[in-house]
>>> print(open('query.cif').read())   # mmCIF, C-alpha atoms
data_start
#
loop_
_atom_site.label_atom_id
_atom_site.label_comp_id
_atom_site.auth_asym_id
_atom_site.auth_seq_id
_atom_site.Cartn_x
_atom_site.Cartn_y
_atom_site.Cartn_z
CA MET A 26 140.94 145.02 42.81
CA ALA A 27 138.45 142.87 44.68
CA ASN A 28 140.63 142.48 47.77
CA LYS A 29 140.50 146.25 48.35
CA ASN A 30 136.78 146.10 49.01
CA SER A 31 136.65 142.74 50.76
CA ASN A 32 139.11 143.18 53.63
CA LEU A 33 136.96 145.35 55.87
CA GLN A 34 133.79 143.41 55.09
CA SER A 35 135.60 140.21 56.02
CA ALA A 36 136.75 141.81 59.27
CA LYS A 37 133.20 142.87 60.01
CA ASN A 38 131.88 139.36 59.46
CA THR A 39 134.53 137.59 61.51
CA LYS A 40 134.78 140.28 64.19
CA ASP A 41 138.55 140.27 63.60
CA ASP A 42 138.32 144.04 63.58
CA GLU A 43 140.85 145.33 66.06
CA PHE A 44 142.88 147.74 63.93
CA TYR A 45 145.32 150.02 65.75
CA THR A 46 145.84 153.32 63.95
CA THR A 47 149.33 154.69 63.37
CA TYR A 48 150.40 157.95 64.98
CA GLU A 49 151.11 159.44 61.54
CA THR A 50 147.57 158.69 60.32
CA ILE A 51 146.08 160.51 63.30
CA GLU A 52 148.52 163.40 63.15
CA SER A 53 147.98 164.10 59.44
CA GLU A 54 144.17 164.11 59.79
CA VAL A 55 143.80 166.09 63.02
CA ALA A 56 146.09 168.76 61.58
CA HIS A 57 143.12 169.93 59.48
CA TYR A 58 140.92 170.51 62.55
CA VAL A 59 143.20 172.22 65.06
CA ARG A 60 140.88 175.23 65.37
CA HIS A 61 138.09 173.01 66.69
CA PHE A 62 139.95 171.71 69.75
CA ALA A 63 140.73 174.79 71.84
CA GLU A 64 139.23 174.52 75.35
CA LYS A 65 137.45 171.29 74.42
CA THR A 66 137.15 167.93 76.16
CA VAL A 67 138.24 165.08 73.87
CA LEU A 68 136.99 161.52 74.39
CA CYS A 69 138.78 158.53 72.87
CA ASN A 70 136.25 155.89 73.87
CA CYS A 71 137.65 152.83 72.09
CA ASP A 72 141.29 153.33 72.95
CA ASP A 73 143.63 151.70 75.43
CA PRO A 74 145.16 154.53 77.50
CA PHE A 75 148.41 152.56 77.65
CA GLU A 76 148.78 151.77 73.96
CA SER A 77 146.49 153.78 71.71
CA ASN A 78 148.13 156.27 69.38
CA PHE A 79 145.03 158.42 69.74
CA CYS A 80 145.76 158.73 73.44
CA LYS A 81 149.46 159.29 72.73
CA TYR A 82 148.74 161.96 70.12
CA PHE A 83 146.44 163.99 72.35
CA LEU A 84 148.82 163.71 75.31
CA LYS A 85 151.78 164.88 73.22
CA ASN A 86 149.75 167.74 71.76
CA PHE A 87 147.62 168.52 74.81
CA ASN A 88 148.91 172.08 75.10
CA ILE A 89 149.37 172.73 71.39
CA LEU A 90 145.68 171.98 70.87
CA LYS A 91 144.82 173.87 74.07
CA LEU A 92 142.70 170.99 75.32
CA GLN A 93 140.66 171.36 78.44
CA ARG A 94 140.46 167.65 79.19
CA LEU A 95 141.34 164.26 77.68
CA ILE A 96 139.44 161.07 78.49
CA CYS A 97 140.42 157.66 77.08
CA THR A 98 138.51 154.49 77.90
CA SER A 99 139.49 150.91 77.09
CA TYR A 100 137.46 147.75 76.73
CA CYS A 101 138.17 144.89 79.12
CA ALA A 102 139.14 142.56 76.25
CA SER A 103 142.14 144.70 75.29
CA ALA A 104 144.73 142.67 73.44
CA VAL A 105 147.58 145.09 74.08
CA VAL A 106 147.34 146.19 77.71
CA GLY A 107 150.72 146.58 79.32
CA THR A 108 152.75 145.88 76.18
CA GLN A 109 154.47 149.29 76.05
CA LEU A 110 154.65 150.79 79.54
CA SER A 111 154.52 149.29 83.01
CA LEU A 112 151.65 151.47 84.15
CA PHE A 113 149.73 151.49 87.39
CA ASP A 114 146.17 152.48 88.20
CA ASP A 115 145.21 154.90 90.96
CA THR A 116 145.44 152.14 93.57
CA HIS A 117 149.05 151.46 92.48
CA GLN A 118 148.19 148.04 91.09
CA ASN A 119 149.63 146.90 87.76
CA LEU A 120 147.27 147.21 84.86
CA LYS A 121 146.08 143.82 83.72
CA LYS A 122 144.06 142.24 80.98
CA GLY A 123 140.35 141.61 81.47
CA VAL A 124 139.69 144.98 83.12
CA GLY A 125 138.38 148.21 81.59
CA TYR A 126 140.33 151.40 82.35
CA VAL A 127 139.90 155.13 81.97
CA LEU A 128 142.58 157.78 81.60
CA ASP A 129 141.30 161.20 82.67
CA VAL A 130 143.63 164.18 82.28
CA VAL A 131 142.60 167.75 83.11
CA LYS A 132 145.95 169.53 83.35
CA PHE A 133 149.09 168.23 81.75
CA SER A 134 152.60 169.75 81.67
CA ASN A 135 153.73 173.34 81.40
CA VAL A 136 155.42 172.77 78.04
CA ALA A 137 154.03 175.13 75.42
CA GLY A 138 154.84 172.84 72.48
CA GLU A 139 154.87 169.10 71.95
CA ILE A 140 155.34 167.10 75.14
CA SER A 141 158.12 164.50 75.11
CA ASP A 142 157.58 160.75 75.39
CA ASP A 143 159.67 160.67 78.57
CA GLU A 144 157.52 163.29 80.25
CA ILE A 145 154.36 161.48 79.20
CA ALA A 146 155.67 158.17 80.57
CA GLN A 147 156.64 159.78 83.87
CA PHE A 148 153.27 161.51 84.13
CA LEU A 149 151.26 158.36 83.45
CA GLN A 150 153.22 156.38 86.00
CA THR A 151 152.97 158.90 88.83
CA ALA A 152 149.92 161.15 88.38
CA ASN A 153 147.16 158.70 89.35
CA VAL A 154 145.18 159.54 86.24
CA ILE A 155 144.36 155.95 85.27
CA ARG A 156 141.74 153.97 87.18
CA LYS A 157 139.72 150.82 86.77
CA LEU A 158 136.22 151.19 85.42
CA ASP A 159 133.35 149.65 87.30
CA GLY A 160 132.10 148.10 84.06
CA ASN A 161 133.78 146.44 81.11
CA GLY A 162 134.62 149.64 79.21
CA ASP A 163 132.20 149.06 76.33
CA PHE A 164 131.51 152.49 74.82
CA ARG A 165 127.78 151.71 75.02
CA SER A 166 127.84 150.95 78.76
CA PRO A 167 126.14 153.43 81.12
CA GLU A 168 129.49 154.30 82.67
CA CYS A 169 131.08 155.19 79.33
CA ILE A 170 127.96 157.01 78.17
CA GLU A 171 128.46 159.36 81.13
CA TYR A 172 131.92 160.16 79.78
CA LEU A 173 130.38 160.70 76.35
CA LYS A 174 128.01 163.25 77.86
CA LEU A 175 130.99 165.14 79.32
CA CYS A 176 132.96 165.47 76.12
CA ASP A 177 132.85 167.90 73.22
CA ILE A 178 134.59 165.81 70.53
CA VAL A 179 134.95 162.05 70.09
CA VAL A 180 138.10 160.97 68.23
CA THR A 181 138.68 157.24 67.82
CA ASN A 182 138.96 154.17 65.63
CA PRO A 183 136.05 151.95 66.76
CA PRO A 184 135.82 148.25 65.92
CA PHE A 185 134.50 148.26 62.38
CA SER A 186 131.74 145.84 63.30
CA LEU A 187 130.39 148.46 65.74
CA PHE A 188 130.72 151.50 63.50
CA LYS A 189 126.96 152.02 63.17
CA GLU A 190 126.49 151.75 66.90
CA ILE A 191 129.10 154.32 67.84
CA VAL A 192 127.85 156.86 65.29
CA THR A 193 124.32 156.36 66.62
CA GLU A 194 125.45 157.03 70.19
CA ILE A 195 127.49 160.09 69.22
CA MET A 196 124.64 161.64 67.26
CA ARG A 197 122.13 160.84 70.00
CA TYR A 198 124.10 163.03 72.39
CA ARG A 199 124.85 165.64 69.71
CA LYS A 200 128.62 165.45 69.94
CA LYS A 201 131.25 166.39 67.41
CA PHE A 202 133.40 163.53 66.19
CA LEU A 203 136.28 162.41 63.98
CA ILE A 204 136.38 158.63 63.58
CA ILE A 205 137.71 155.95 61.23
CA GLY A 206 135.42 153.52 59.43
CA ASN A 207 135.10 151.82 56.07
CA GLN A 208 133.61 153.29 52.94
CA ASN A 209 130.88 150.65 52.79
CA ALA A 210 129.40 152.32 55.87
CA ILE A 211 128.38 155.24 53.66
CA THR A 212 125.32 153.28 52.50
CA TYR A 213 124.27 151.98 55.94
CA LYS A 214 120.76 153.09 56.81
CA GLU A 215 122.13 154.64 60.02
CA ILE A 216 124.82 156.64 58.18
CA PHE A 217 123.45 157.51 54.74
CA PRO A 218 120.72 159.94 55.85
CA LEU A 219 123.26 161.83 57.96
CA ILE A 220 125.39 162.35 54.86
CA GLN A 221 122.36 163.14 52.72
CA ASN A 222 121.18 165.77 55.20
CA ASN A 223 124.66 167.29 55.40
CA GLU A 224 125.04 166.39 59.08
CA VAL A 225 128.25 164.39 58.58
CA TRP A 226 130.88 164.16 55.85
CA THR A 227 134.21 162.57 55.13
CA GLY A 228 137.60 163.80 56.22
CA TYR A 229 140.79 164.03 54.18
CA ARG A 230 142.21 160.50 54.16
CA PHE A 231 139.84 158.41 52.11
CA GLY A 232 141.25 155.11 50.94
CA GLU A 233 144.57 153.49 51.79
CA MET A 234 145.44 153.18 55.50
CA LYS A 235 147.72 150.79 57.34
CA PHE A 236 147.03 149.43 60.82
CA ARG A 237 148.78 147.36 63.44
CA VAL A 238 146.77 144.26 64.33
CA PRO A 239 146.90 142.00 67.41
CA GLU A 240 149.02 138.89 67.64
CA TYR A 241 145.96 136.64 67.30
CA SER A 242 145.09 138.10 63.88
CA LYS A 243 145.23 135.44 61.19
CA PRO A 244 147.56 135.90 58.20
CA ARG A 245 145.93 137.19 55.01
CA LYS A 246 146.86 136.56 51.42
CA TYR A 247 146.69 140.24 50.58
CA ARG A 248 147.52 143.45 52.44
CA TYR A 249 149.16 141.68 55.36
CA TRP A 250 152.76 141.64 56.58
CA VAL A 251 154.94 141.19 59.66
CA ASP A 252 157.69 143.72 60.30
CA GLU A 253 161.19 143.07 61.60
CA SER A 254 160.03 143.35 65.21
CA GLY A 255 157.35 140.71 64.72
CA GLN A 256 154.46 143.21 64.68
CA LYS A 257 151.60 142.19 62.41
CA TRP A 258 150.18 144.77 59.99
CA ARG A 259 147.29 145.07 57.58
CA SER A 260 146.45 147.74 55.04
CA LEU A 261 142.94 148.56 53.92
CA GLY A 262 142.09 150.18 50.62
CA ASN A 263 138.63 151.44 51.53
CA ALA A 264 139.10 153.09 54.91
CA MET A 265 137.92 156.64 55.62
CA TRP A 266 137.58 159.34 58.23
CA LEU A 267 134.01 160.40 58.97
CA THR A 268 133.30 163.63 60.83
CA ASN A 269 130.93 166.49 61.56
CA LEU A 270 133.77 168.95 62.16
CA ASP A 271 133.86 171.51 59.38
CA ASN A 272 136.78 171.22 56.98
CA ASP A 273 137.90 172.93 53.81
CA ARG A 274 137.61 169.82 51.65
CA ARG A 275 133.82 169.70 51.81
CA HIS A 276 133.59 173.21 50.34
CA GLU A 277 135.64 172.42 47.23
CA PHE A 278 133.80 172.07 43.91
CA VAL A 279 134.17 169.05 41.65
CA ALA A 280 135.68 170.07 38.30
CA MET A 281 133.40 168.99 35.44
CA THR A 282 134.81 168.99 31.90
CA LYS A 283 132.66 166.37 30.14
CA THR A 284 129.39 167.01 28.27
CA TYR A 285 126.37 164.75 28.20
CA ASN A 286 125.51 162.39 25.38
CA PRO A 287 123.24 159.30 25.52
CA GLU A 288 125.92 156.92 24.25
CA ASP A 289 128.39 157.57 27.07
CA TYR A 290 125.77 158.01 29.77
CA PRO A 291 123.18 155.20 29.45
CA LYS A 292 120.08 155.19 31.63
CA TYR A 293 119.30 152.45 34.11
CA ASP A 294 116.76 149.81 33.17
CA ASN A 295 114.34 150.62 35.96
CA TYR A 296 114.98 154.21 37.04
CA ASP A 297 115.15 157.57 35.28
CA ALA A 298 118.80 158.34 35.92
CA ILE A 299 122.00 158.16 33.91
CA ASN A 300 125.02 156.10 34.89
CA VAL A 301 128.32 157.97 35.34
CA ARG A 302 131.30 155.64 35.39
CA THR A 303 133.76 157.81 37.31
CA ILE A 304 133.67 161.07 39.23
CA ARG A 305 135.73 162.84 36.56
CA ASP A 306 133.05 161.87 34.00
CA ILE A 307 130.24 163.88 35.64
CA PRO A 308 128.83 165.99 32.78
CA CYS A 309 128.75 169.72 33.23
CA ASP A 310 125.48 170.18 31.32
CA TYR A 311 123.20 167.53 32.85
CA TYR A 312 120.79 168.42 35.65
CA GLY A 313 118.83 165.18 36.02
CA VAL A 314 119.56 162.36 38.45
CA MET A 315 122.96 160.68 38.02
CA GLY A 316 124.29 157.46 39.52
CA VAL A 317 127.93 157.91 40.49
CA PRO A 318 130.49 155.78 42.40
CA ILE A 319 130.17 155.95 46.20
CA THR A 320 133.54 157.72 46.30
CA ILE A 321 131.64 160.88 45.34
CA ILE A 322 131.05 161.25 49.08
CA ASN A 323 134.70 162.24 49.51
CA LYS A 324 134.24 165.04 46.96
CA TYR A 325 130.68 165.92 47.82
CA ASN A 326 129.86 169.60 48.17
CA SER A 327 126.25 170.25 49.19
CA GLU A 328 126.38 173.62 47.42
CA GLN A 329 127.11 171.90 44.10
CA PHE A 330 125.04 168.69 44.37
CA GLU A 331 122.17 167.21 46.31
CA ILE A 332 122.01 163.53 47.23
CA VAL A 333 118.80 161.91 45.99
CA GLY A 334 119.38 158.41 47.36
CA GLU A 335 121.39 155.28 46.65
CA ALA A 336 121.09 152.38 44.23
CA ASN A 337 122.18 149.09 45.74
CA HIS A 338 119.70 146.24 46.20
CA GLY A 339 116.58 148.35 45.93
CA SER A 340 115.38 147.02 49.25
CA ASP A 341 117.96 147.75 51.94
CA ASN A 342 116.19 150.82 53.32
CA GLU A 343 114.01 153.74 52.29
CA PHE A 344 117.02 155.47 50.70
CA ASP A 345 117.91 152.46 48.54
CA LEU A 346 115.74 153.29 45.53
CA PHE A 347 116.53 150.52 43.06
CA LYS A 348 118.99 147.84 41.98
CA PRO A 349 121.29 149.39 39.34
CA THR A 350 121.14 147.44 36.07
CA ILE A 351 121.89 148.47 32.49
CA ASP A 352 120.69 146.20 29.66
CA GLY A 353 120.01 143.53 32.25
CA LYS A 354 123.54 143.63 33.70
CA GLU A 355 123.89 144.58 37.36
CA ILE A 356 126.57 147.12 38.23
CA PHE A 357 128.16 148.09 41.53
CA LYS A 358 126.15 150.22 43.93
CA ARG A 359 125.81 153.91 43.20
CA ILE A 360 125.06 157.15 44.97
CA LEU A 361 122.33 159.15 43.23
CA ILE A 362 123.02 162.86 42.91
CA ARG A 363 121.59 165.85 41.09
CA ARG A 364 123.26 169.13 40.17
CA ARG A 365 122.02 172.22 41.92
CA ALA A 366 120.93 174.96 39.55
#
>>> encode(input="query.cif", output="structure tokens")
Amino acid sequence: MANKNSNLQSAKNTKDDEFYTTYETIESEVAHYVRHFAEKTVLCNCDDPFESNFCKYFLKNFNILKLQRLICTSYCASAVVGTQLSLFDDTHQNLKKGVGYVLDVVKFSNVAGEISDDEIAQFLQTANVIRKLDGNGDFRSPECIEYLKLCDIVVTNPPFSLFKEIVTEIMRYRKKFLIIGNQNAITYKEIFPLIQNNEVWTGYRFGEMKFRVPEYSKPRKYRYWVDESGQKWRSLGNAMWLTNLDNDRRHEFVAMTKTYNPEDYPKYDNYDAINVRTIRDIPCDYYGVMGVPITIINKYNSEQFEIVGEANHGSDNEFDLFKPTIDGKEIFKRILIRRRA
């Protein structure tokens, strides 16, 4: 359906891209990476310390994950500051809108398992671990870059309109990360070569995700609702986790049961490659270049395939090799792959 692919692009264009991730979404994804977190410093650099479920998750599981340190920074334009807890900064002043904050936790609780909400609330209100930032809290600001340098792993849901920028910063400082974006980002010139070179890959949840959105978010015709408490929600059909933390999914092989024939696999008008309609249609006996849906990235195994490029407009970047047309009819953008021998 068209609305599945248009929601995030619309958000990107209008900058209405404050999507607050549910605790369950974070919990189910991070569960696949527990081994990576022991004795590590985690940075959530687009997350309100007083509201973000990323912050809440890592506080509740601080000792289970055996974290060394947790740092959460918020942007000064936060739409949700102070809506859940009456918190104070290290000068005992109420948190307020229009100010960037940082939560910095080095040691937290003696509980071996999950830490209770009550203990977290008490800790945040009394431990002087939240302070005002000197700057506005933008993850690209010099102050927040210093926190980026200190961390081992970035875990966050950045504004979708700034997805390219945050990945660029993370890779510049050679950090591990686990972040949420939209599937269209796969073909960005800043992202595609990282996937092609096997430097980053997708996580487990790839597709449907629901998010809380701020009060100012405008109603949508599709994938929008208000719950019984008045909280606004949106769901997005083309969300994804992107990461450079190793996971089991990226080592799984795509099952191929179809065989090649020219009738079912026509070639493009202007490039020597066959068109494959769906991932399950990849032929087991073809070793030339194939154009496949961009969702191949979520099943991509670099031991089974190599990524040759993409077919979109033929002019977006050096990796965009041609505009995909068959018998003069343009089709949706494709990732170009080739089987490894």
>>> resolve_selection(input="query.cif", expression="the PyMOL selection byres ((chain A and resi 77) around 12)", output="PyMOL selection string")
chain A and resi 43-48+51+69-76+78-84+97-100+103-110+128+180-183+236-237
>>> residues_around(input="query.cif", residues="range 289-300 of chain A", least_positions_apart="4", cutoff="6 Å", atoms="all atoms listed in the file", output="list of chain:residue names")
A:Val314, A:Met315, A:Gly316, A:Thr350, A:Ile351
>>> write_last_selection(input="query.cif", atoms="C-alpha atoms", output="PDB file, in the frame of the given file")
ATOM      1  CA  VAL A 314     119.560 162.360  38.450  1.00  0.00           C
ATOM      2  CA  MET A 315     122.960 160.680  38.020  1.00  0.00           C
ATOM      3  CA  GLY A 316     124.290 157.460  39.520  1.00  0.00           C
ATOM      4  CA  THR A 350     121.140 147.440  36.070  1.00  0.00           C
ATOM      5  CA  ILE A 351     121.890 148.470  32.490  1.00  0.00           C
TER       6      ILE A 351
END
>>> closest_residue(input="query.cif", among="A:Ala336, A:Ile304, A:Leu203, A:Val124", to="Thr227 in chain A", atoms="all atoms listed in the file")
A:Leu203
>>> atom_distance(input="query.cif", atom1="CA of Gln221 in chain A", atom2="CA of Thr268 in chain A")
13.6 Å
>>> atom_distance(input="query.cif", atom1="CA of Asp352 in chain A", atom2="CA of Arg365 in chain A")
28.8 Å
>>> resolve_selection(input="query.cif", expression="the PyMOL selection byres ((chain A and resi 158) around 6)", output="MDAnalysis selection string")
chainID A and resid 125:126 157 159:160
>>> closest_residue(input="query.cif", among="A:Thr66, A:Ser327, A:Val251, A:Val130", to="Ile155 in chain A", atoms="all atoms listed in the file")
A:Val130
>>> atom_distance(input="query.cif", atom1="CA of Leu92 in chain A", atom2="CA of Glu168 in chain A")
22.5 Å
>>> residues_around(input="query.cif", residues="range 193-201 of chain A", least_positions_apart="4", cutoff="6 Å", atoms="all atoms listed in the file", output="MDAnalysis selection string")
chainID A and resid 177:178 269
>>> residues_around(input="query.cif", residues="Trp266 in chain A", least_positions_apart="2", cutoff="10 Å", atoms="only C-alpha atoms", output="list in words")
Ile51, Glu54, Thr181, Asn182, Phe202, Leu203, Ile204, Ile205, Gly206, Asn207, Gln208, Trp226, Thr227, Gly228, Tyr229, Arg230, Phe231, Gly232, Ala264, Thr268 and Asn323 of chain A
>>> closest_residue(input="query.cif", among="A:Ser186, A:Asn272, A:Asn86, A:Ser254", to="Glu139 in chain A", atoms="all atoms listed in the file")
A:Asn86
>>> closest_residue(input="query.cif", among="A:Asp42, A:Glu144, A:Glu171, A:Asp252", to="Leu187 in chain A", atoms="only C-alpha atoms")
A:Asp42
